[in-house]
>>> print(open('upload.cif').read())   # mmCIF, N, CA, C and O atoms
data_model
loop_
_atom_site.label_atom_id
_atom_site.label_comp_id
_atom_site.auth_asym_id
_atom_site.auth_seq_id
_atom_site.Cartn_x
_atom_site.Cartn_y
_atom_site.Cartn_z
N ALA U 27 0.84 -1.19 0.00
CA ALA U 27 0.00 0.00 0.00
C ALA U 27 0.88 1.25 0.00
O ALA U 27 1.87 1.31 0.71
N VAL U 28 0.48 2.21 -0.77
CA VAL U 28 1.22 3.46 -0.86
C VAL U 28 0.60 4.44 0.14
O VAL U 28 -0.61 4.66 0.13
N ARG U 29 1.44 4.99 0.98
CA ARG U 29 0.96 6.01 1.93
C ARG U 29 1.34 7.38 1.40
O ARG U 29 2.44 7.56 0.90
N ARG U 30 0.42 8.29 1.52
CA ARG U 30 0.70 9.65 1.09
C ARG U 30 1.28 10.41 2.28
O ARG U 30 0.72 10.40 3.36
N ILE U 31 2.40 11.02 2.06
CA ILE U 31 3.05 11.78 3.12
C ILE U 31 2.80 13.26 2.88
O ILE U 31 3.00 13.76 1.78
N ALA U 32 2.33 13.93 3.92
CA ALA U 32 2.05 15.37 3.80
C ALA U 32 3.34 16.11 3.49
O ALA U 32 4.41 15.77 4.03
N SER U 33 3.25 17.10 2.65
CA SER U 33 4.44 17.87 2.30
C SER U 33 4.93 18.66 3.50
O SER U 33 4.17 18.99 4.41
N SER U 34 6.19 18.95 3.47
CA SER U 34 6.79 19.75 4.54
C SER U 34 6.11 21.11 4.64
O SER U 34 5.85 21.60 5.74
N ALA U 35 5.79 21.70 3.51
CA ALA U 35 5.14 23.01 3.51
C ALA U 35 3.75 22.93 4.13
O ALA U 35 3.37 23.80 4.92
N ALA U 36 3.01 21.87 3.82
CA ALA U 36 1.67 21.72 4.39
C ALA U 36 1.76 21.52 5.90
O ALA U 36 0.96 22.07 6.66
N MET U 37 2.73 20.75 6.34
CA MET U 37 2.90 20.52 7.78
C MET U 37 3.31 21.82 8.47
O MET U 37 2.84 22.12 9.57
N SER U 38 4.16 22.60 7.84
CA SER U 38 4.58 23.87 8.42
C SER U 38 3.41 24.84 8.51
O SER U 38 3.25 25.55 9.50
N GLU U 39 2.58 24.86 7.48
CA GLU U 39 1.42 25.75 7.51
C GLU U 39 0.45 25.33 8.61
O GLU U 39 -0.11 26.18 9.31
N THR U 40 0.28 24.04 8.80
CA THR U 40 -0.57 23.55 9.89
C THR U 40 -0.01 23.99 11.24
O THR U 40 -0.75 24.45 12.11
N ARG U 41 1.31 23.88 11.40
CA ARG U 41 1.93 24.32 12.66
C ARG U 41 1.74 25.81 12.87
O ARG U 41 1.49 26.26 14.00
N LEU U 42 1.86 26.59 11.81
CA LEU U 42 1.68 28.04 11.92
C LEU U 42 0.23 28.36 12.31
O LEU U 42 -0.02 29.18 13.19
N GLN U 43 -0.72 27.71 11.66
CA GLN U 43 -2.12 27.95 11.99
C GLN U 43 -2.42 27.54 13.42
O GLN U 43 -3.15 28.23 14.13
N GLN U 44 -1.83 26.45 13.88
CA GLN U 44 -2.02 26.02 15.27
C GLN U 44 -1.44 27.05 16.24
O GLN U 44 -2.02 27.31 17.29
N ALA U 45 -0.30 27.64 15.89
CA ALA U 45 0.30 28.67 16.74
C ALA U 45 -0.64 29.87 16.84
O ALA U 45 -0.86 30.41 17.93
N PHE U 46 -1.20 30.29 15.70
CA PHE U 46 -2.17 31.39 15.70
C PHE U 46 -3.40 31.03 16.53
O PHE U 46 -3.87 31.84 17.32
N GLN U 47 -3.92 29.81 16.33
CA GLN U 47 -5.12 29.40 17.06
C GLN U 47 -4.88 29.38 18.56
O GLN U 47 -5.72 29.84 19.33
N THR U 48 -3.74 28.86 18.98
CA THR U 48 -3.42 28.77 20.40
C THR U 48 -3.24 30.16 21.01
O THR U 48 -3.83 30.47 22.05
N ALA U 49 -2.44 30.99 20.37
CA ALA U 49 -2.13 32.31 20.92
C ALA U 49 -3.33 33.24 20.93
O ALA U 49 -3.50 34.03 21.86
N LEU U 50 -4.15 33.16 19.89
CA LEU U 50 -5.23 34.13 19.72
C LEU U 50 -6.62 33.55 19.95
O LEU U 50 -7.61 34.25 19.75
N ASP U 51 -6.69 32.29 20.36
CA ASP U 51 -7.96 31.64 20.64
C ASP U 51 -8.90 31.73 19.43
O ASP U 51 -10.04 32.18 19.53
N LEU U 52 -8.38 31.31 18.27
CA LEU U 52 -9.13 31.40 17.02
C LEU U 52 -9.91 30.12 16.75
O LEU U 52 -9.46 29.03 17.08
N PRO U 53 -11.06 30.25 16.11
CA PRO U 53 -11.83 29.06 15.73
C PRO U 53 -11.17 28.36 14.53
O PRO U 53 -10.43 29.00 13.76
N PRO U 54 -11.43 27.08 14.36
CA PRO U 54 -10.83 26.33 13.25
C PRO U 54 -11.20 26.88 11.87
O PRO U 54 -10.44 26.70 10.92
N ASP U 55 -12.34 27.54 11.75
CA ASP U 55 -12.78 28.03 10.43
C ASP U 55 -12.31 29.46 10.16
O ASP U 55 -12.89 30.17 9.34
N THR U 56 -11.24 29.87 10.78
CA THR U 56 -10.69 31.22 10.59
C THR U 56 -10.32 31.45 9.13
O THR U 56 -9.77 30.57 8.47
N ASP U 57 -10.61 32.63 8.63
CA ASP U 57 -10.20 33.05 7.28
C ASP U 57 -8.76 33.55 7.39
O ASP U 57 -8.51 34.69 7.76
N TRP U 58 -7.82 32.67 7.10
CA TRP U 58 -6.40 32.97 7.33
C TRP U 58 -5.91 34.14 6.49
O TRP U 58 -5.09 34.93 6.95
N GLN U 59 -6.38 34.25 5.28
CA GLN U 59 -5.87 35.29 4.38
C GLN U 59 -6.28 36.70 4.80
O GLN U 59 -5.62 37.67 4.45
N SER U 60 -7.35 36.82 5.58
CA SER U 60 -7.78 38.16 5.99
C SER U 60 -7.44 38.46 7.45
O SER U 60 -7.72 39.56 7.94
N LEU U 61 -6.82 37.51 8.14
CA LEU U 61 -6.50 37.69 9.56
C LEU U 61 -5.37 38.72 9.72
O LEU U 61 -4.29 38.56 9.18
N ALA U 62 -5.67 39.79 10.47
CA ALA U 62 -4.69 40.87 10.64
C ALA U 62 -4.73 41.42 12.07
O ALA U 62 -5.75 41.33 12.76
N TYR U 63 -3.61 41.99 12.47
CA TYR U 63 -3.46 42.58 13.79
C TYR U 63 -4.58 43.61 14.03
O TYR U 63 -4.90 44.40 13.16
N ALA U 64 -5.14 43.56 15.23
CA ALA U 64 -6.19 44.48 15.68
C ALA U 64 -7.52 44.28 14.95
O ALA U 64 -8.47 45.00 15.20
N GLN U 65 -7.59 43.29 14.06
CA GLN U 65 -8.85 43.00 13.37
C GLN U 65 -9.58 41.84 14.04
O GLN U 65 -10.68 41.48 13.65
N HIS U 66 -8.95 41.24 15.03
CA HIS U 66 -9.56 40.17 15.81
C HIS U 66 -9.45 40.55 17.28
O HIS U 66 -8.42 41.10 17.70
N GLU U 67 -10.46 40.25 18.07
CA GLU U 67 -10.50 40.71 19.45
C GLU U 67 -9.30 40.28 20.29
O GLU U 67 -8.90 40.99 21.20
N HIS U 68 -8.69 39.15 19.98
CA HIS U 68 -7.57 38.68 20.79
C HIS U 68 -6.20 39.06 20.22
O HIS U 68 -5.18 38.82 20.86
N TRP U 69 -6.17 39.60 19.00
CA TRP U 69 -4.88 39.98 18.42
C TRP U 69 -4.61 41.45 18.73
O TRP U 69 -4.65 42.33 17.89
N ASP U 70 -4.35 41.68 20.01
CA ASP U 70 -3.93 42.99 20.49
C ASP U 70 -2.45 42.87 20.86
O ASP U 70 -1.80 41.89 20.48
N SER U 71 -1.89 43.83 21.58
CA SER U 71 -0.47 43.78 21.88
C SER U 71 -0.10 42.56 22.72
O SER U 71 0.94 41.92 22.49
N LEU U 72 -0.94 42.20 23.66
CA LEU U 72 -0.67 41.02 24.49
C LEU U 72 -0.78 39.75 23.67
O LEU U 72 0.07 38.86 23.74
N GLY U 73 -1.82 39.66 22.86
CA GLY U 73 -1.99 38.51 21.97
C GLY U 73 -0.84 38.39 20.99
O GLY U 73 -0.40 37.30 20.64
N HIS U 74 -0.33 39.53 20.54
CA HIS U 74 0.78 39.54 19.59
C HIS U 74 2.02 38.90 20.22
O HIS U 74 2.70 38.10 19.57
N MET U 75 2.31 39.24 21.46
CA MET U 75 3.48 38.67 22.12
C MET U 75 3.29 37.17 22.36
O MET U 75 4.24 36.39 22.21
N ALA U 76 2.08 36.75 22.70
CA ALA U 76 1.80 35.32 22.85
C ALA U 76 1.97 34.61 21.51
O ALA U 76 2.53 33.50 21.45
N LEU U 77 1.54 35.26 20.44
CA LEU U 77 1.69 34.69 19.10
C LEU U 77 3.16 34.53 18.72
O LEU U 77 3.57 33.49 18.22
N VAL U 78 3.95 35.55 18.98
CA VAL U 78 5.38 35.47 18.69
C VAL U 78 6.01 34.29 19.44
O VAL U 78 6.77 33.51 18.86
N ALA U 79 5.67 34.15 20.71
CA ALA U 79 6.21 33.04 21.51
C ALA U 79 5.79 31.69 20.93
O ALA U 79 6.62 30.76 20.84
N GLU U 80 4.54 31.56 20.50
CA GLU U 80 4.06 30.31 19.90
C GLU U 80 4.80 30.01 18.60
O GLU U 80 5.17 28.87 18.34
N ILE U 81 4.98 31.02 17.76
CA ILE U 81 5.68 30.82 16.48
C ILE U 81 7.14 30.44 16.73
O ILE U 81 7.67 29.53 16.10
N GLU U 82 7.79 31.14 17.63
CA GLU U 82 9.19 30.84 17.93
C GLU U 82 9.34 29.40 18.42
O GLU U 82 10.27 28.69 18.02
N GLU U 83 8.42 28.96 19.26
CA GLU U 83 8.48 27.60 19.78
C GLU U 83 8.16 26.58 18.68
O GLU U 83 8.85 25.56 18.55
N ALA U 84 7.15 26.85 17.88
CA ALA U 84 6.73 25.91 16.84
C ALA U 84 7.82 25.67 15.80
O ALA U 84 7.95 24.56 15.28
N PHE U 85 8.60 26.71 15.49
CA PHE U 85 9.60 26.60 14.42
C PHE U 85 11.04 26.67 14.93
O PHE U 85 11.97 26.71 14.14
N ASP U 86 11.21 26.69 16.25
CA ASP U 86 12.53 26.72 16.87
C ASP U 86 13.38 27.86 16.29
O ASP U 86 14.49 27.66 15.79
N ILE U 87 12.79 29.06 16.32
CA ILE U 87 13.48 30.25 15.83
C ILE U 87 13.43 31.33 16.90
O ILE U 87 12.68 31.22 17.88
N MET U 88 14.20 32.37 16.70
CA MET U 88 14.14 33.57 17.53
C MET U 88 13.93 34.73 16.58
O MET U 88 14.80 35.05 15.76
N MET U 89 12.75 35.34 16.64
CA MET U 89 12.43 36.40 15.70
C MET U 89 13.12 37.70 16.07
O MET U 89 13.22 38.05 17.25
N ASP U 90 13.59 38.42 15.06
CA ASP U 90 14.18 39.75 15.26
C ASP U 90 13.09 40.72 15.70
O ASP U 90 11.93 40.59 15.29
N THR U 91 13.45 41.70 16.48
CA THR U 91 12.50 42.69 16.96
C THR U 91 11.77 43.37 15.80
O THR U 91 10.55 43.57 15.86
N ASP U 92 12.49 43.73 14.76
CA ASP U 92 11.86 44.38 13.59
C ASP U 92 10.79 43.48 12.98
O ASP U 92 9.74 43.96 12.53
N ASP U 93 11.05 42.17 12.95
CA ASP U 93 10.07 41.24 12.39
C ASP U 93 8.85 41.10 13.29
O ASP U 93 7.73 41.00 12.81
N VAL U 94 9.08 41.10 14.60
CA VAL U 94 7.97 41.04 15.55
C VAL U 94 7.03 42.22 15.30
O VAL U 94 5.81 42.06 15.24
N ILE U 95 7.60 43.39 15.14
CA ILE U 95 6.81 44.60 14.92
C ILE U 95 6.12 44.56 13.55
O ILE U 95 4.96 44.97 13.42
N ALA U 96 6.81 44.04 12.54
CA ALA U 96 6.28 44.05 11.17
C ALA U 96 5.23 42.97 10.91
O ALA U 96 4.50 43.06 9.92
N MET U 97 5.13 41.98 11.77
CA MET U 97 4.19 40.88 11.54
C MET U 97 2.76 41.37 11.80
O MET U 97 2.25 41.31 12.91
N SER U 98 2.13 41.84 10.75
CA SER U 98 0.83 42.52 10.88
C SER U 98 -0.36 41.69 10.41
O SER U 98 -1.50 42.11 10.57
N SER U 99 -0.10 40.53 9.82
CA SER U 99 -1.18 39.69 9.33
C SER U 99 -0.67 38.27 9.16
O SER U 99 0.54 38.02 9.17
N TYR U 100 -1.60 37.36 8.97
CA TYR U 100 -1.20 35.97 8.72
C TYR U 100 -0.38 35.85 7.44
O TYR U 100 0.69 35.24 7.45
N PRO U 101 -0.82 36.45 6.32
CA PRO U 101 0.00 36.36 5.10
C PRO U 101 1.41 36.95 5.29
O PRO U 101 2.38 36.41 4.74
N VAL U 102 1.54 38.02 6.04
CA VAL U 102 2.87 38.59 6.31
C VAL U 102 3.71 37.60 7.11
O VAL U 102 4.90 37.42 6.84
N ALA U 103 3.10 36.94 8.08
CA ALA U 103 3.82 35.94 8.88
C ALA U 103 4.32 34.80 8.00
O ALA U 103 5.47 34.37 8.14
N VAL U 104 3.48 34.33 7.10
CA VAL U 104 3.87 33.25 6.18
C VAL U 104 5.08 33.68 5.36
O VAL U 104 6.09 32.97 5.28
N GLU U 105 4.99 34.84 4.74
CA GLU U 105 6.08 35.33 3.89
C GLU U 105 7.35 35.56 4.70
O GLU U 105 8.45 35.25 4.26
N MET U 106 7.21 36.10 5.89
CA MET U 106 8.36 36.36 6.75
C MET U 106 9.07 35.06 7.14
O MET U 106 10.30 34.96 7.08
N LEU U 107 8.29 34.07 7.54
CA LEU U 107 8.89 32.79 7.91
C LEU U 107 9.57 32.14 6.72
O LEU U 107 10.65 31.55 6.85
N ARG U 108 8.97 32.26 5.56
CA ARG U 108 9.53 31.67 4.34
C ARG U 108 10.84 32.36 3.93
O ARG U 108 11.81 31.68 3.62
N THR U 109 10.84 33.68 3.94
CA THR U 109 11.99 34.39 3.38
C THR U 109 13.07 34.73 4.40
O THR U 109 14.24 34.79 4.05
N ARG U 110 12.69 34.97 5.65
CA ARG U 110 13.69 35.41 6.65
C ARG U 110 14.16 34.30 7.57
O ARG U 110 15.21 34.42 8.17
N TYR U 111 13.34 33.25 7.71
CA TYR U 111 13.68 32.20 8.67
C TYR U 111 13.78 30.82 8.02
O TYR U 111 13.87 29.81 8.70
N ASP U 112 13.74 30.78 6.69
CA ASP U 112 13.95 29.56 5.92
C ASP U 112 13.00 28.44 6.32
O ASP U 112 13.38 27.28 6.38
N VAL U 113 11.75 28.80 6.60
CA VAL U 113 10.72 27.80 6.90
C VAL U 113 10.03 27.44 5.59
O VAL U 113 9.68 28.32 4.80
N ASP U 114 9.87 26.16 5.34
CA ASP U 114 9.23 25.68 4.10
C ASP U 114 7.72 25.85 4.23
O ASP U 114 7.04 25.04 4.83
N LEU U 115 7.22 26.95 3.67
CA LEU U 115 5.77 27.24 3.69
C LEU U 115 5.29 27.46 2.27
O LEU U 115 5.98 27.93 1.44
#
>>> encode(input="upload.cif", output="structure tokens")
Amino acid sequence: AVRRIASSAAMSETRLQQAFQTALDLPPDTDWQSLAYAQHEHWDSLGHMALVAEIEEAFDIMMDTDDVIAMSSYPVAVEMLRTRYDVDL
């Protein structure tokens, strides 16, 4: 039997979404492409720091301060992890 193995990028995206869900208490049906800072009740400054901690732990990285400040939406986080932290997304 042939087993299908999830791609590394798909697994990374799942981990990223789980980090967002945990830090910001998001429902599973979240519209990821429109998710942005201050557009969700839990993504305030405190939620942002919890999110950064979750992402750093999920991907074993340490984000630069400039990146922490610049991470303004889910799509920005994806692109940042892909280009600045070499995460396969």
>>> resolve_selection(input="upload.cif", expression="the PyMOL selection byres (((chain U and resi 44-46 and name CA) around 12) and name CA)", output="MDAnalysis selection string")
chainID U and resid 37:43 47:58 61:63 66 68:69 73:85 99:101 103:104
>>> closest_residue(input="upload.cif", among="U:Gln59, U:Ser34, U:Asp90, U:Leu115", to="Val102 (chain U)", atoms="all atoms listed in the file")
U:Gln59
>>> atom_distance(input="upload.cif", atom1="CA of Tyr111 (chain U)", atom2="CA of Ile87 (chain U)")
7.4 Å
>>> atom_distance(input="upload.cif", atom1="atom C of Val94 (chain U)", atom2="atom O of Ser33 (chain U)")
25.8 Å
>>> atom_distance(input="upload.cif", atom1="CA of Leu107 (chain U)", atom2="CA of Asp70 (chain U)")
20.7 Å
>>> select_by_dssp(input="upload.cif", residues="region 70-110 of chain U", states="alpha helix (DSSP H)", output="ChimeraX atom specification")
/U:71-85,91-96,100-110
>>> decode(input="upload.cif", residues="region 63-77 of chain U", atoms="all heavy atoms", output="PDB file, in the first residue's frame")
ATOM      1  N   TYR U  63      -3.608  41.989  12.466  1.00  0.00           N
ATOM      2  CA  TYR U  63      -3.460  42.581  13.789  1.00  0.00           C
ATOM      3  C   TYR U  63      -4.575  43.606  14.033  1.00  0.00           C
ATOM      4  O   TYR U  63      -4.901  44.402  13.165  1.00  0.00           O
ATOM      5  CB  TYR U  63      -2.093  43.264  13.889  1.00  0.00           C
ATOM      6  CG  TYR U  63      -1.833  43.920  15.230  1.00  0.00           C
ATOM      7  CD1 TYR U  63      -1.443  43.158  16.317  1.00  0.00           C
ATOM      8  CD2 TYR U  63      -1.985  45.280  15.396  1.00  0.00           C
ATOM      9  CE1 TYR U  63      -1.201  43.743  17.554  1.00  0.00           C
ATOM     10  CE2 TYR U  63      -1.748  45.883  16.633  1.00  0.00           C
ATOM     11  CZ  TYR U  63      -1.357  45.106  17.705  1.00  0.00           C
ATOM     12  OH  TYR U  63      -1.128  45.690  18.920  1.00  0.00           O
ATOM     13  N   ALA U  64      -5.136  43.565  15.226  1.00  0.00           N
ATOM     14  CA  ALA U  64      -6.194  44.478  15.680  1.00  0.00           C
ATOM     15  C   ALA U  64      -7.525  44.280  14.945  1.00  0.00           C
ATOM     16  O   ALA U  64      -8.470  44.997  15.199  1.00  0.00           O
ATOM     17  CB  ALA U  64      -5.750  45.932  15.603  1.00  0.00           C
ATOM     18  N   GLN U  65      -7.592  43.293  14.060  1.00  0.00           N
ATOM     19  CA  GLN U  65      -8.849  42.996  13.371  1.00  0.00           C
ATOM     20  C   GLN U  65      -9.578  41.835  14.043  1.00  0.00           C
ATOM     21  O   GLN U  65     -10.678  41.482  13.645  1.00  0.00           O
ATOM     22  CB  GLN U  65      -8.596  42.647  11.902  1.00  0.00           C
ATOM     23  CG  GLN U  65      -7.923  43.751  11.132  1.00  0.00           C
ATOM     24  CD  GLN U  65      -8.750  45.021  11.093  1.00  0.00           C
ATOM     25  OE1 GLN U  65      -9.924  44.995  10.740  1.00  0.00           O
ATOM     26  NE2 GLN U  65      -8.158  46.131  11.479  1.00  0.00           N
ATOM     27  N   HIS U  66      -8.954  41.245  15.033  1.00  0.00           N
ATOM     28  CA  HIS U  66      -9.565  40.171  15.814  1.00  0.00           C
ATOM     29  C   HIS U  66      -9.452  40.547  17.281  1.00  0.00           C
ATOM     30  O   HIS U  66      -8.422  41.104  17.700  1.00  0.00           O
ATOM     31  CB  HIS U  66      -8.858  38.842  15.549  1.00  0.00           C
ATOM     32  CG  HIS U  66      -9.521  37.689  16.232  1.00  0.00           C
ATOM     33  ND1 HIS U  66      -9.261  37.355  17.535  1.00  0.00           N
ATOM     34  CD2 HIS U  66     -10.454  36.811  15.786  1.00  0.00           C
ATOM     35  CE1 HIS U  66     -10.004  36.311  17.877  1.00  0.00           C
ATOM     36  NE2 HIS U  66     -10.729  35.964  16.827  1.00  0.00           N
ATOM     37  N   GLU U  67     -10.460  40.245  18.068  1.00  0.00           N
ATOM     38  CA  GLU U  67     -10.501  40.714  19.453  1.00  0.00           C
ATOM     39  C   GLU U  67      -9.302  40.280  20.292  1.00  0.00           C
ATOM     40  O   GLU U  67      -8.903  40.989  21.204  1.00  0.00           O
ATOM     41  CB  GLU U  67     -11.796  40.269  20.139  1.00  0.00           C
ATOM     42  CG  GLU U  67     -11.926  38.770  20.273  1.00  0.00           C
ATOM     43  CD  GLU U  67     -13.201  38.359  20.990  1.00  0.00           C
ATOM     44  OE1 GLU U  67     -13.644  39.094  21.882  1.00  0.00           O
ATOM     45  OE2 GLU U  67     -13.742  37.294  20.636  1.00  0.00           O
ATOM     46  N   HIS U  68      -8.690  39.147  19.981  1.00  0.00           N
ATOM     47  CA  HIS U  68      -7.566  38.683  20.789  1.00  0.00           C
ATOM     48  C   HIS U  68      -6.202  39.058  20.216  1.00  0.00           C
ATOM     49  O   HIS U  68      -5.182  38.817  20.857  1.00  0.00           O
ATOM     50  CB  HIS U  68      -7.638  37.167  20.986  1.00  0.00           C
ATOM     51  CG  HIS U  68      -8.846  36.751  21.766  1.00  0.00           C
ATOM     52  ND1 HIS U  68      -9.245  35.447  21.838  1.00  0.00           N
ATOM     53  CD2 HIS U  68      -9.743  37.454  22.500  1.00  0.00           C
ATOM     54  CE1 HIS U  68     -10.333  35.364  22.585  1.00  0.00           C
ATOM     55  NE2 HIS U  68     -10.661  36.580  22.983  1.00  0.00           N
ATOM     56  N   TRP U  69      -6.172  39.603  18.998  1.00  0.00           N
ATOM     57  CA  TRP U  69      -4.879  39.981  18.424  1.00  0.00           C
ATOM     58  C   TRP U  69      -4.614  41.447  18.733  1.00  0.00           C
ATOM     59  O   TRP U  69      -4.651  42.327  17.893  1.00  0.00           O
ATOM     60  CB  TRP U  69      -4.806  39.713  16.935  1.00  0.00           C
ATOM     61  CG  TRP U  69      -3.385  39.705  16.416  1.00  0.00           C
ATOM     62  CD1 TRP U  69      -2.251  40.048  17.085  1.00  0.00           C
ATOM     63  CD2 TRP U  69      -2.952  39.333  15.107  1.00  0.00           C
ATOM     64  NE1 TRP U  69      -1.153  39.910  16.285  1.00  0.00           N
ATOM     65  CE2 TRP U  69      -1.549  39.469  15.059  1.00  0.00           C
ATOM     66  CE3 TRP U  69      -3.613  38.906  13.964  1.00  0.00           C
ATOM     67  CZ2 TRP U  69      -0.808  39.190  13.925  1.00  0.00           C
ATOM     68  CZ3 TRP U  69      -2.874  38.627  12.838  1.00  0.00           C
ATOM     69  CH2 TRP U  69      -1.485  38.763  12.817  1.00  0.00           C
ATOM     70  N   ASP U  70      -4.347  41.679  20.011  1.00  0.00           N
ATOM     71  CA  ASP U  70      -3.930  42.990  20.493  1.00  0.00           C
ATOM     72  C   ASP U  70      -2.455  42.869  20.859  1.00  0.00           C
ATOM     73  O   ASP U  70      -1.803  41.886  20.480  1.00  0.00           O
ATOM     74  CB  ASP U  70      -4.791  43.425  21.680  1.00  0.00           C
ATOM     75  CG  ASP U  70      -4.800  42.393  22.808  1.00  0.00           C
ATOM     76  OD1 ASP U  70      -3.964  41.441  22.808  1.00  0.00           O
ATOM     77  OD2 ASP U  70      -5.648  42.517  23.709  1.00  0.00           O
ATOM     78  N   SER U  71      -1.891  43.829  21.584  1.00  0.00           N
ATOM     79  CA  SER U  71      -0.466  43.782  21.885  1.00  0.00           C
ATOM     80  C   SER U  71      -0.096  42.559  22.723  1.00  0.00           C
ATOM     81  O   SER U  71       0.939  41.924  22.493  1.00  0.00           O
ATOM     82  CB  SER U  71      -0.004  45.071  22.566  1.00  0.00           C
ATOM     83  OG  SER U  71      -0.725  45.275  23.763  1.00  0.00           O
ATOM     84  N   LEU U  72      -0.944  42.197  23.665  1.00  0.00           N
ATOM     85  CA  LEU U  72      -0.666  41.021  24.490  1.00  0.00           C
ATOM     86  C   LEU U  72      -0.784  39.746  23.666  1.00  0.00           C
ATOM     87  O   LEU U  72       0.074  38.856  23.744  1.00  0.00           O
ATOM     88  CB  LEU U  72      -1.630  40.983  25.678  1.00  0.00           C
ATOM     89  CG  LEU U  72      -1.352  39.926  26.736  1.00  0.00           C
ATOM     90  CD1 LEU U  72       0.036  40.095  27.333  1.00  0.00           C
ATOM     91  CD2 LEU U  72      -2.401  40.018  27.839  1.00  0.00           C
ATOM     92  N   GLY U  73      -1.821  39.660  22.856  1.00  0.00           N
ATOM     93  CA  GLY U  73      -1.985  38.514  21.974  1.00  0.00           C
ATOM     94  C   GLY U  73      -0.837  38.393  20.987  1.00  0.00           C
ATOM     95  O   GLY U  73      -0.400  37.295  20.643  1.00  0.00           O
ATOM     96  N   HIS U  74      -0.331  39.526  20.538  1.00  0.00           N
ATOM     97  CA  HIS U  74       0.779  39.541  19.590  1.00  0.00           C
ATOM     98  C   HIS U  74       2.016  38.899  20.215  1.00  0.00           C
ATOM     99  O   HIS U  74       2.703  38.105  19.565  1.00  0.00           O
ATOM    100  CB  HIS U  74       1.073  40.982  19.145  1.00  0.00           C
ATOM    101  CG  HIS U  74       1.978  41.069  17.963  1.00  0.00           C
ATOM    102  ND1 HIS U  74       1.568  40.741  16.686  1.00  0.00           N
ATOM    103  CD2 HIS U  74       3.274  41.447  17.858  1.00  0.00           C
ATOM    104  CE1 HIS U  74       2.570  40.922  15.844  1.00  0.00           C
ATOM    105  NE2 HIS U  74       3.620  41.348  16.533  1.00  0.00           N
ATOM    106  N   MET U  75       2.307  39.235  21.458  1.00  0.00           N
ATOM    107  CA  MET U  75       3.478  38.665  22.117  1.00  0.00           C
ATOM    108  C   MET U  75       3.289  37.171  22.362  1.00  0.00           C
ATOM    109  O   MET U  75       4.239  36.392  22.210  1.00  0.00           O
ATOM    110  CB  MET U  75       3.789  39.410  23.419  1.00  0.00           C
ATOM    111  CG  MET U  75       4.184  40.872  23.193  1.00  0.00           C
ATOM    112  SD  MET U  75       5.365  41.153  21.836  1.00  0.00           S
ATOM    113  CE  MET U  75       6.807  40.317  22.442  1.00  0.00           C
ATOM    114  N   ALA U  76       2.078  36.754  22.698  1.00  0.00           N
ATOM    115  CA  ALA U  76       1.795  35.323  22.850  1.00  0.00           C
ATOM    116  C   ALA U  76       1.973  34.606  21.512  1.00  0.00           C
ATOM    117  O   ALA U  76       2.525  33.497  21.454  1.00  0.00           O
ATOM    118  CB  ALA U  76       0.378  35.116  23.380  1.00  0.00           C
ATOM    119  N   LEU U  77       1.544  35.260  20.436  1.00  0.00           N
ATOM    120  CA  LEU U  77       1.688  34.695  19.098  1.00  0.00           C
ATOM    121  C   LEU U  77       3.158  34.534  18.724  1.00  0.00           C
ATOM    122  O   LEU U  77       3.568  33.492  18.215  1.00  0.00           O
ATOM    123  CB  LEU U  77       0.967  35.580  18.079  1.00  0.00           C
ATOM    124  CG  LEU U  77       1.095  35.169  16.617  1.00  0.00           C
ATOM    125  CD1 LEU U  77       0.581  33.752  16.400  1.00  0.00           C
ATOM    126  CD2 LEU U  77       0.343  36.172  15.745  1.00  0.00           C
TER     127      LEU U  77
END
